[in-house]
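Okay, model_16.csv is below, CSV, C-alpha atoms and all ligand atoms:
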```
chain,number,residue,atom,x,y,z
R,24,MET,CA,0.0,0.0,0.0
R,25,ALA,CA,1.3,3.5,-0.8
R,26,LYS,CA,2.5,5.4,2.2
R,27,ILE,CA,2.2,8.9,0.9
R,28,HIS,CA,-1.2,10.5,0.8
R,29,GLU,CA,-2.7,14.0,0.7
R,30,LEU,CA,-3.7,15.4,4.1
R,31,ALA,CA,-7.4,15.8,4.8
R,32,SER,CA,-8.2,19.4,4.1
R,33,VAL,CA,-9.1,20.2,7.7
R,34,LEU,CA,-5.8,18.8,8.9
R,35,ALA,CA,-4.0,20.9,6.3
R,36,ASP,CA,-5.9,24.0,7.5
R,37,GLN,CA,-4.9,23.3,11.1
R,38,ILE,CA,-1.3,23.0,10.1
R,39,ALA,CA,-1.5,26.4,8.2
R,40,ALA,CA,-3.3,27.8,11.3
R,41,GLY,CA,-0.2,27.2,13.3
R,42,GLU,CA,1.5,29.9,11.3
R,43,VAL,CA,-1.4,32.3,10.6
R,44,VAL,CA,-3.3,32.2,13.9
R,45,GLU,CA,-0.8,32.0,16.7
R,46,ARG,CA,-3.0,33.8,19.3
R,47,PRO,CA,-6.3,35.7,19.7
R,48,ALA,CA,-4.6,38.9,18.4
R,49,SER,CA,-3.8,37.2,15.1
R,50,VAL,CA,-7.5,36.4,14.6
R,51,VAL,CA,-8.4,40.0,15.3
R,52,LYS,CA,-5.7,41.1,12.8
R,53,GLU,CA,-6.9,38.8,10.0
R,54,LEU,CA,-10.6,39.7,10.4
R,55,VAL,CA,-10.0,43.4,10.6
R,56,GLU,CA,-7.7,43.3,7.6
R,57,ASN,CA,-10.4,41.5,5.7
R,58,ALA,CA,-12.9,44.2,6.7
R,59,ILE,CA,-10.4,46.9,5.5
R,60,ASP,CA,-9.9,45.1,2.2
R,61,ALA,CA,-13.7,45.1,1.8
R,62,ASN,CA,-13.8,48.9,1.9
R,63,SER,CA,-15.4,49.2,5.2
R,64,THR,CA,-15.8,52.6,6.8
R,65,GLN,CA,-16.7,51.3,10.2
R,66,ILE,CA,-15.3,48.3,12.0
R,67,ASP,CA,-16.5,47.3,15.5
R,68,ILE,CA,-14.6,44.6,17.4
R,69,THR,CA,-16.0,43.0,20.5
R,70,VAL,CA,-13.8,40.6,22.5
R,71,GLU,CA,-14.7,38.4,25.5
R,72,GLU,CA,-12.1,36.8,27.9
R,73,ALA,CA,-9.1,38.1,25.9
R,74,GLY,CA,-10.6,36.6,22.7
R,75,LEU,CA,-10.7,33.0,23.9
R,76,LYS,CA,-14.4,33.0,24.5
R,77,ARG,CA,-15.5,35.2,21.6
R,78,ILE,CA,-14.2,37.6,19.0
R,79,MET,CA,-16.7,39.4,16.9
R,80,VAL,CA,-15.9,41.8,14.1
R,81,VAL,CA,-18.7,43.7,12.5
R,82,ASP,CA,-18.0,45.7,9.3
R,83,ASP,CA,-20.1,47.7,6.8
R,84,GLY,CA,-18.0,46.7,3.8
R,85,ASP,CA,-18.8,45.1,0.5
R,86,GLY,CA,-20.0,41.8,1.9
R,87,ILE,CA,-19.8,38.4,0.2
R,88,ALA,CA,-22.3,37.1,-2.3
R,89,ASP,CA,-24.2,34.0,-1.3
R,90,GLU,CA,-22.6,32.0,-4.1
R,91,ASP,CA,-19.1,32.9,-2.8
R,92,ALA,CA,-19.7,32.5,0.9
R,93,GLU,CA,-18.7,28.9,1.3
R,94,MET,CA,-15.7,29.4,-1.0
R,95,ALA,CA,-14.3,32.0,1.5
R,96,PHE,CA,-13.6,29.2,3.9
R,97,LYS,CA,-11.6,27.1,1.4
R,98,ARG,CA,-7.8,27.2,1.6
R,99,HIS,CA,-6.0,29.3,-1.0
R,100,ALA,CA,-9.4,30.7,-2.1
R,101,THR,CA,-9.3,34.5,-2.5
R,102,SER,CA,-11.0,37.3,-4.4
R,103,LYS,CA,-7.9,39.5,-4.2
R,104,ILE,CA,-5.4,38.1,-6.7
R,105,THR,CA,-5.8,36.0,-9.8
R,106,ASP,CA,-2.6,35.6,-11.7
R,107,ARG,CA,1.2,35.7,-11.2
R,108,ARG,CA,1.4,39.4,-12.2
R,109,ASP,CA,-0.9,40.3,-9.3
R,110,LEU,CA,1.4,38.7,-6.8
R,111,PHE,CA,4.0,41.2,-7.6
R,112,ARG,CA,1.8,44.2,-7.2
R,113,ILE,CA,-0.3,43.5,-4.1
R,114,LYS,CA,-2.5,46.4,-3.1
R,115,SER,CA,-4.7,44.5,-0.6
R,116,LEU,CA,-3.8,43.4,2.9
R,117,GLY,CA,-4.8,39.8,2.2
R,118,PHE,CA,-4.1,37.6,-0.8
R,119,ARG,CA,-3.1,34.2,0.5
R,120,GLY,CA,-6.6,32.9,1.1
R,121,GLU,CA,-5.5,31.3,4.3
R,122,ALA,CA,-7.1,33.2,7.2
R,123,LEU,CA,-10.7,32.1,7.2
R,124,PRO,CA,-10.0,28.4,6.7
R,125,SER,CA,-7.2,28.5,9.3
R,126,ILE,CA,-9.3,30.3,11.9
R,127,ALA,CA,-12.3,28.0,11.2
R,128,SER,CA,-10.2,24.9,11.7
R,129,VAL,CA,-9.4,25.9,15.2
R,130,ALA,CA,-12.6,27.5,16.4
R,131,ASP,CA,-16.4,27.8,16.0
R,132,VAL,CA,-17.0,30.4,13.4
R,133,THR,CA,-20.2,32.1,12.3
R,134,MET,CA,-20.3,34.5,9.3
R,135,ALA,CA,-23.3,36.7,8.5
R,136,THR,CA,-22.7,38.6,5.3
R,137,SER,CA,-24.5,40.5,2.6
R,138,THR,CA,-23.7,42.5,-0.4
R,139,GLY,CA,-26.9,44.4,0.1
R,140,ASP,CA,-29.6,42.2,-1.5
R,141,VAL,CA,-29.8,38.7,0.1
R,142,GLY,CA,-28.0,37.8,3.3
R,143,THR,CA,-26.1,34.6,4.1
R,144,LEU,CA,-25.4,32.9,7.4
R,145,ILE,CA,-22.7,30.2,7.6
R,146,HIS,CA,-21.8,28.3,10.6
R,147,ASN,CA,-18.5,26.5,10.5
R,148,VAL,CA,-17.3,24.2,13.3
R,149,GLY,CA,-13.7,22.9,13.5
R,150,GLY,CA,-13.2,23.5,9.8
R,151,LYS,CA,-16.5,22.0,8.5
R,152,ILE,CA,-19.5,24.0,7.3
R,153,VAL,CA,-22.5,22.8,9.4
R,154,THR,CA,-25.2,25.2,8.2
R,155,HIS,CA,-25.7,27.6,5.4
R,156,THR,CA,-28.9,29.6,5.7
R,157,ALA,CA,-30.5,32.9,4.8
R,158,ALA,CA,-29.9,36.0,7.0
R,159,ALA,CA,-30.7,39.7,7.2
R,160,ALA,CA,-29.6,41.7,4.1
R,161,ARG,CA,-27.7,44.4,6.0
R,162,LYS,CA,-24.7,45.3,3.8
R,163,GLY,CA,-21.4,44.1,5.4
R,164,THR,CA,-20.0,41.2,7.2
R,165,THR,CA,-20.1,40.0,10.8
R,166,ILE,CA,-17.7,37.2,11.8
R,167,THR,CA,-17.9,35.6,15.2
R,168,VAL,CA,-15.1,33.3,16.4
R,169,ALA,CA,-16.0,31.4,19.5
R,170,ASP,CA,-14.1,28.8,21.5
R,171,LEU,CA,-10.7,29.6,19.9
R,172,PHE,CA,-8.2,26.8,20.1
R,173,GLY,CA,-10.9,24.7,21.9
R,174,ASN,CA,-9.7,21.8,19.8
R,175,VAL,CA,-6.0,22.5,20.1
R,176,PRO,CA,-5.1,22.2,23.8
R,177,ALA,CA,-1.4,22.6,23.1
R,178,ARG,CA,-2.0,26.0,21.6
R,179,LEU,CA,-4.1,27.1,24.5
R,180,LYS,CA,-1.3,26.1,26.9
R,181,TYR,CA,1.2,28.1,25.0
R,182,LEU,CA,-0.8,31.4,25.3
R,183,LYS,CA,0.3,34.0,27.8
R,184,SER,CA,-1.9,35.5,30.6
R,185,PRO,CA,-5.3,37.0,29.5
R,186,ALA,CA,-3.9,40.4,30.3
R,187,THR,CA,-1.0,39.9,27.9
R,188,GLU,CA,-3.2,38.4,25.2
R,189,LEU,CA,-5.6,41.4,25.5
R,190,SER,CA,-2.8,43.9,25.3
R,191,ARG,CA,-1.7,42.3,22.0
R,192,ILE,CA,-5.2,42.6,20.7
R,193,THR,CA,-5.4,46.3,21.7
R,194,ASP,CA,-2.0,46.9,20.2
R,195,ILE,CA,-2.9,45.5,16.8
R,196,VAL,CA,-6.2,47.3,16.7
R,197,ASN,CA,-4.5,50.5,17.6
R,198,ARG,CA,-1.9,50.0,14.8
R,199,LEU,CA,-4.6,49.3,12.3
R,200,ALA,CA,-6.5,52.4,13.5
R,201,LEU,CA,-3.4,54.5,13.0
R,202,SER,CA,-3.0,53.0,9.5
R,203,TYR,CA,-6.5,53.8,8.5
R,204,PRO,CA,-7.6,57.2,9.8
R,205,ASN,CA,-10.5,57.1,7.4
R,206,VAL,CA,-12.0,54.1,9.1
R,207,ALA,CA,-13.9,54.3,12.4
R,208,PHE,CA,-12.8,51.6,14.7
R,209,SER,CA,-14.0,50.5,18.1
R,210,LEU,CA,-12.7,47.8,20.4
R,211,VAL,CA,-14.7,46.6,23.4
R,212,HIS,CA,-13.5,44.0,25.8
R,213,ASP,CA,-15.9,42.4,28.3
R,214,GLY,CA,-18.1,45.4,28.0
R,215,ARG,CA,-15.4,48.0,28.4
R,216,GLU,CA,-14.4,50.3,25.5
R,217,LEU,CA,-10.7,50.3,24.9
R,218,THR,CA,-10.3,52.1,21.6
R,219,ARG,CA,-12.6,54.3,19.5
R,220,THR,CA,-11.7,56.4,16.5
R,221,THR,CA,-13.9,58.6,14.5
R,222,GLY,CA,-12.9,57.7,10.9
R,223,ARG,CA,-12.7,61.4,10.0
R,224,GLY,CA,-9.3,60.9,8.4
R,225,ASP,CA,-7.2,63.1,10.7
R,226,LEU,CA,-4.1,61.1,11.8
R,227,ARG,CA,-3.2,63.5,14.6
R,228,GLN,CA,-6.7,63.0,16.0
R,229,VAL,CA,-6.3,59.2,15.9
R,230,ILE,CA,-2.9,59.6,17.6
R,231,ALA,CA,-4.7,61.7,20.3
R,232,GLY,CA,-7.3,59.0,20.7
R,233,ILE,CA,-4.8,56.3,21.2
R,234,TYR,CA,-1.8,57.9,22.9
R,235,GLY,CA,-3.6,60.9,24.5
R,236,VAL,CA,-4.1,64.5,23.6
R,237,GLN,CA,-0.9,65.7,25.4
R,238,THR,CA,1.2,63.2,23.3
R,239,ALA,CA,-0.5,64.3,20.1
R,240,ARG,CA,0.4,67.9,20.8
R,241,LYS,CA,4.0,67.0,21.0
R,242,MET,CA,4.2,65.4,17.7
R,243,VAL,CA,5.2,67.1,14.5
R,244,ALA,CA,4.2,66.3,10.9
R,245,ILE,CA,6.9,65.1,8.6
R,246,GLN,CA,7.0,64.6,4.9
R,247,GLY,CA,9.7,63.6,2.5
R,248,LYS,CA,10.1,62.0,-0.9
R,249,ASN,CA,12.6,60.7,-3.4
R,250,PRO,CA,11.9,59.2,-6.9
R,251,ASP,CA,10.8,55.9,-5.4
R,252,PHE,CA,9.4,56.6,-2.0
R,253,THR,CA,7.1,59.0,-0.2
R,254,VAL,CA,7.2,59.1,3.6
R,255,ARG,CA,4.8,61.1,5.7
R,256,GLY,CA,3.4,61.0,9.2
R,257,PHE,CA,4.1,62.3,12.7
R,258,VAL,CA,7.1,62.0,15.0
R,259,SER,CA,7.5,63.1,18.6
R,260,LEU,CA,9.6,66.0,19.6
R,261,PRO,CA,12.9,64.8,21.3
R,262,GLU,CA,11.5,65.7,24.7
R,263,LEU,CA,8.7,63.1,24.3
R,264,THR,CA,10.2,59.6,24.4
R,265,ARG,CA,9.4,56.1,25.6
R,266,ALA,CA,11.5,53.4,27.0
R,267,SER,CA,10.9,51.0,24.1
R,268,ARG,CA,10.7,51.1,20.3
R,269,GLN,CA,7.2,49.8,20.3
R,270,TYR,CA,5.7,53.2,19.9
R,271,ILE,CA,7.1,53.4,16.4
R,272,SER,CA,4.5,52.3,13.9
R,273,LEU,CA,5.8,51.8,10.4
R,274,LEU,CA,3.2,51.4,7.6
R,275,LEU,CA,4.2,50.4,4.1
R,276,ASN,CA,1.4,51.0,1.5
R,277,GLY,CA,-1.1,50.8,4.4
R,278,ARG,CA,0.3,47.6,5.8
R,279,TYR,CA,1.7,47.7,9.4
R,280,ILE,CA,5.1,46.1,9.3
R,281,HIS,CA,8.0,45.3,11.5
R,282,ASN,CA,11.4,46.4,10.1
R,283,PHE,CA,14.4,47.0,12.3
R,284,GLN,CA,16.4,48.9,9.7
R,285,LEU,CA,13.6,51.4,9.0
R,286,SER,CA,13.0,52.0,12.8
R,287,LYS,CA,16.7,52.4,13.2
R,288,ALA,CA,16.8,55.0,10.5
R,289,LEU,CA,13.9,56.9,12.1
R,290,ILE,CA,15.7,56.9,15.4
R,291,ALA,CA,19.0,58.0,13.7
R,292,GLY,CA,17.1,61.0,12.4
R,293,TYR,CA,17.1,62.3,16.0
R,294,GLY,CA,20.9,62.4,16.0
R,295,SER,CA,22.1,63.0,19.5
R,296,LYS,CA,18.8,64.4,20.7
R,297,LEU,CA,17.6,61.2,22.4
R,298,MET,CA,18.9,60.0,25.7
R,299,VAL,CA,20.3,56.5,25.7
R,300,GLY,CA,17.6,53.9,26.0
R,301,ARG,CA,14.9,56.3,25.0
R,302,TYR,CA,12.9,56.1,21.8
R,303,PRO,CA,10.4,58.4,19.9
R,304,ILE,CA,6.8,57.9,19.3
R,305,ALA,CA,6.1,57.9,15.6
R,306,VAL,CA,3.6,56.9,12.9
R,307,LEU,CA,5.3,56.8,9.5
R,308,ASP,CA,3.5,55.9,6.4
R,309,ILE,CA,5.7,54.9,3.5
R,310,GLN,CA,4.2,54.8,0.0
R,311,MET,CA,6.0,53.0,-2.8
R,312,ASP,CA,5.3,51.2,-6.0
R,313,PRO,CA,4.1,47.7,-4.9
R,314,VAL,CA,6.5,46.2,-7.4
R,315,LEU,CA,9.4,47.3,-5.1
R,316,VAL,CA,8.2,45.3,-2.1
R,317,ASP,CA,7.7,41.6,-1.5
R,318,VAL,CA,5.1,41.1,1.1
R,319,ASN,CA,5.0,37.3,0.5
R,320,VAL,CA,7.8,36.6,2.9
R,321,HIS,CA,5.9,35.3,5.9
R,322,PRO,CA,2.3,34.1,6.4
R,323,THR,CA,1.4,37.0,8.7
R,324,LYS,CA,2.9,39.5,6.2
R,325,GLN,CA,4.4,41.7,8.9
R,326,GLU,CA,7.9,41.1,7.5
R,327,VAL,CA,8.5,42.4,4.0
R,328,ARG,CA,11.4,42.6,1.7
R,329,ILE,CA,12.0,46.0,0.2
R,330,SER,CA,14.3,46.6,-2.8
R,331,GLN,CA,16.3,49.8,-2.5
R,332,GLU,CA,16.0,49.7,1.3
R,333,PRO,CA,19.2,51.7,1.7
R,334,GLU,CA,17.7,54.6,-0.3
R,335,LEU,CA,14.6,54.4,1.9
R,336,THR,CA,16.4,54.4,5.2
R,337,GLN,CA,18.4,57.4,4.1
R,338,LEU,CA,15.2,59.2,3.1
R,339,ILE,CA,13.6,58.5,6.5
R,340,GLN,CA,16.7,59.6,8.5
R,341,GLU,CA,17.0,62.8,6.5
R,342,THR,CA,13.3,63.7,6.6
R,343,VAL,CA,13.2,63.3,10.4
R,344,PHE,CA,16.5,65.1,10.9
R,345,LYS,CA,15.5,68.1,8.8
R,346,ARG,CA,12.2,68.4,10.4
R,347,LEU,CA,13.6,68.4,13.9
R,348,ALA,CA,16.3,70.8,13.0
R,349,GLN,CA,13.6,73.2,11.8
R,350,GLU,CA,12.0,72.8,15.2
R,351,ASN,CA,15.1,74.0,16.9
R,352,LEU,CA,15.3,77.2,14.8
R,353,ILE,CA,11.8,78.3,15.4
R,354,PRO,CA,10.5,77.0,18.7
R,355,ASP,CA,6.8,76.7,19.3
R,356,VAL,CA,5.9,77.0,15.6
R,357,ALA,CA,2.6,75.4,14.9
R,358,ASP,CA,3.2,72.6,12.4
R,359,GLU,CA,0.8,71.9,9.6
R,360,ALA,CA,-1.6,69.0,10.2
R,401,LIG,P1,-7.5,36.6,1.8
R,401,LIG,O1,-7.8,37.8,2.7
R,401,LIG,O2,-6.1,36.3,1.8
R,401,LIG,O3,-8.1,36.7,0.5
R,401,LIG,P2,-9.2,35.1,3.7
R,401,LIG,O4,-9.2,33.7,4.1
R,401,LIG,O5,-8.8,36.1,4.8
R,401,LIG,O6,-8.2,35.3,2.5
R,401,LIG,O7,-10.6,35.5,3.1
R,401,LIG,C1,-11.1,34.8,2.0
R,401,LIG,C2,-12.0,35.7,1.1
R,401,LIG,O8,-13.2,35.9,1.8
R,401,LIG,C3,-11.4,37.0,0.8
R,401,LIG,O9,-10.6,37.0,-0.4
R,401,LIG,C4,-12.7,37.9,0.6
R,401,LIG,O10,-13.2,37.7,-0.7
R,401,LIG,C5,-13.7,37.2,1.5
R,401,LIG,N1,-13.8,38.0,2.8
R,401,LIG,C6,-13.3,37.6,4.0
R,401,LIG,N2,-13.7,38.5,4.9
R,401,LIG,C7,-14.5,39.4,4.3
R,401,LIG,C8,-15.2,40.6,4.8
R,401,LIG,N3,-15.1,41.0,6.1
R,401,LIG,N4,-15.9,41.3,3.8
R,401,LIG,C9,-15.9,40.9,2.6
R,401,LIG,N5,-15.3,39.8,2.1
R,401,LIG,C10,-14.6,39.1,3.0
R,402,MG,MG,-7.6,37.9,4.7
```
Rewrite the structure from the file as structure tokens, please.
Ligand code: ADP
Ligand code: MG
Amino acid sequence: MAKIHELASVLADQIAAGEVVERPASVVKELVENAIDANSTQIDITVEEAGLKRIMVVDDGDGIADEDAEMAFKRHATSKITDRRDLFRIKSLGFRGEALPSIASVADVTMATSTGDVGTLIHNVGGKIVTHTAAAARKGTTITVADLFGNVPARLKYLKSPATELSRITDIVNRLALSYPNVAFSLVHDGRELTRTTGRGDLRQVIAGIYGVQTARKMVAIQGKNPDFTVRGFVSLPELTRASRQYISLLLNGRYIHNFQLSKALIAGYGSKLMVGRYPIAVLDIQMDPVLVDVNVHPTKQEVRISQEPELTQLIQETVFKRLAQENLIPDVADEA
């Protein structure tokens, strides 16, 4: 008898889930990114018991047509790319078609969705669709994830305390809110509101909502460009610092990324103005031709590969340096929004 066989699809999904859904915050990230890709203007996130009991994301986006709804739970099924060329010019946050099947394989997932005419309700347990019925035709999508990792005890054990898992959820929601000032976000945990933004498109206002009004007042707008990159955003004055780098948010074409070299360049822009062990608060949005960046490096897409990274780091450092130098010359000048 042959020894090699294809894995059952649920098993394959659970293996993929190991990479895509590490913890409750990863579920929140994937669901919210889907809502953003669907052109939502309002995204409301409700979490219970740090996400382990329930995560619900309600959006007012495009919705999914009834005929596509089951397909959304299939691995490698996506509406976002079709051919090879698309892979090298990714504009959406998702494209791998892995999140929904991965999440569904390790939880109890309900999806209510509508493009505006008919509505669809799908209930998926442990990676299998158990019901597909009609639902209200309110445009948008609501996904509820219950009993996360209920069928993967090893994963549950590996999670940190509820307080830590919750702080990771808050962190990712805040970064996404900072990335999309035009979208109104809310995050409620066990009945308590943790984040709310208006969606009015003013980044300084979002910063004020997340880091506080006093902080937002001590941030200055920066903007710089070279032939390949445009960078813009807000950085804190040297007097306002934090003890870790985690208050630096780097966005690349709207995607929140981790990149040590780029953070380092931003910090280098402060020259000798920062005390040892102190770091600025910053939100820096980098726009570039999608052809120049490979986002398909890791399943969670937070690591990216940028061509011409040295030119970009130089631009970031110079832009920050010049802006702060200006601040020294004319103190108390009101910077443009
Ligand atoms: P990906 O985002 O990589 O395409 P997902 O598994 O996250 O893969 O989602 C599969 C598909 O389901 C998406 O391509 C999209 O068409 C659809 N989808 C998922 N969430 C939403 C949503 N909130 N609104 C509209 N469509 C959605
Ligand atoms: Mg997705």
Around ligand MG 402 (chain R), out to 6 Å and counting all atoms listed in the file, which residues are there? I want them as an NGL selection string.
:R and (53 or 57 or 117 or 122)
Who sits within 10 Å of R:Val175, all atoms listed in the file, same chain under 6 positions skipped, as JSON, numbers by chain
{"R": [37, 128, 129, 130]}
Expected answer as a ChimeraX atom specification: residues within 9 Å of ligand LIG 401 (chain R), only C-alpha atoms and all ligand atoms
/R:53-63,80-88,91-104,115-126,134,136-138,163-166
At what distance in Å, to one decimal, does atom CA of R:Ile145 lie from atom CA of R:Ala177?
27.4 Å
Using Å and a single decimal, report how far atom CA of R:Tyr234 sits from atom CA of R:Leu260.
14.4 Å
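From atom CA of R:Leu179 back to atom CA of R:Asp36, the distance works out to 17.4 Å.
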Of the listed residues R:Pro250, R:Gly224, R:Leu347, R:Ala157, that which approaches R:Ser295 most closely, counting all atoms listed in the file
R:Leu347
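Using all atoms listed in the file, the nearest neighbour of R:Leu75 within the list R:Lys162, R:Arg219, R:Arg346, R:Lys183 is R:Lys183.
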Please list as a short mmCIF file (atom, residue, chain, number, x, y, z; two decimals) with C-alpha atoms, keeping the file's coordinate frame every residue within 12 Å of R:Thr336, counting all atoms listed in the file and excluding residues in the same chain fewer than 3 positions away.
```cif
data_model
loop_
_atom_site.label_atom_id
_atom_site.label_comp_id
_atom_site.auth_asym_id
_atom_site.auth_seq_id
_atom_site.Cartn_x
_atom_site.Cartn_y
_atom_site.Cartn_z
CA GLY R 247 9.70 63.60 2.50
CA LYS R 248 10.10 62.00 -0.90
CA ASN R 249 12.60 60.70 -3.40
CA PHE R 252 9.40 56.60 -2.00
CA THR R 253 7.10 59.00 -0.20
CA VAL R 254 7.20 59.10 3.60
CA ASN R 282 11.40 46.40 10.10
CA PHE R 283 14.40 47.00 12.30
CA GLN R 284 16.40 48.90 9.70
CA LEU R 285 13.60 51.40 9.00
CA SER R 286 13.00 52.00 12.80
CA LYS R 287 16.70 52.40 13.20
CA ALA R 288 16.80 55.00 10.50
CA LEU R 289 13.90 56.90 12.10
CA ILE R 290 15.70 56.90 15.40
CA ALA R 291 19.00 58.00 13.70
CA GLY R 292 17.10 61.00 12.40
CA ILE R 309 5.70 54.90 3.50
CA ILE R 329 12.00 46.00 0.20
CA SER R 330 14.30 46.60 -2.80
CA GLN R 331 16.30 49.80 -2.50
CA GLU R 332 16.00 49.70 1.30
CA PRO R 333 19.20 51.70 1.70
CA ILE R 339 13.60 58.50 6.50
CA GLN R 340 16.70 59.60 8.50
CA GLU R 341 17.00 62.80 6.50
CA THR R 342 13.30 63.70 6.60
CA VAL R 343 13.20 63.30 10.40
#
```
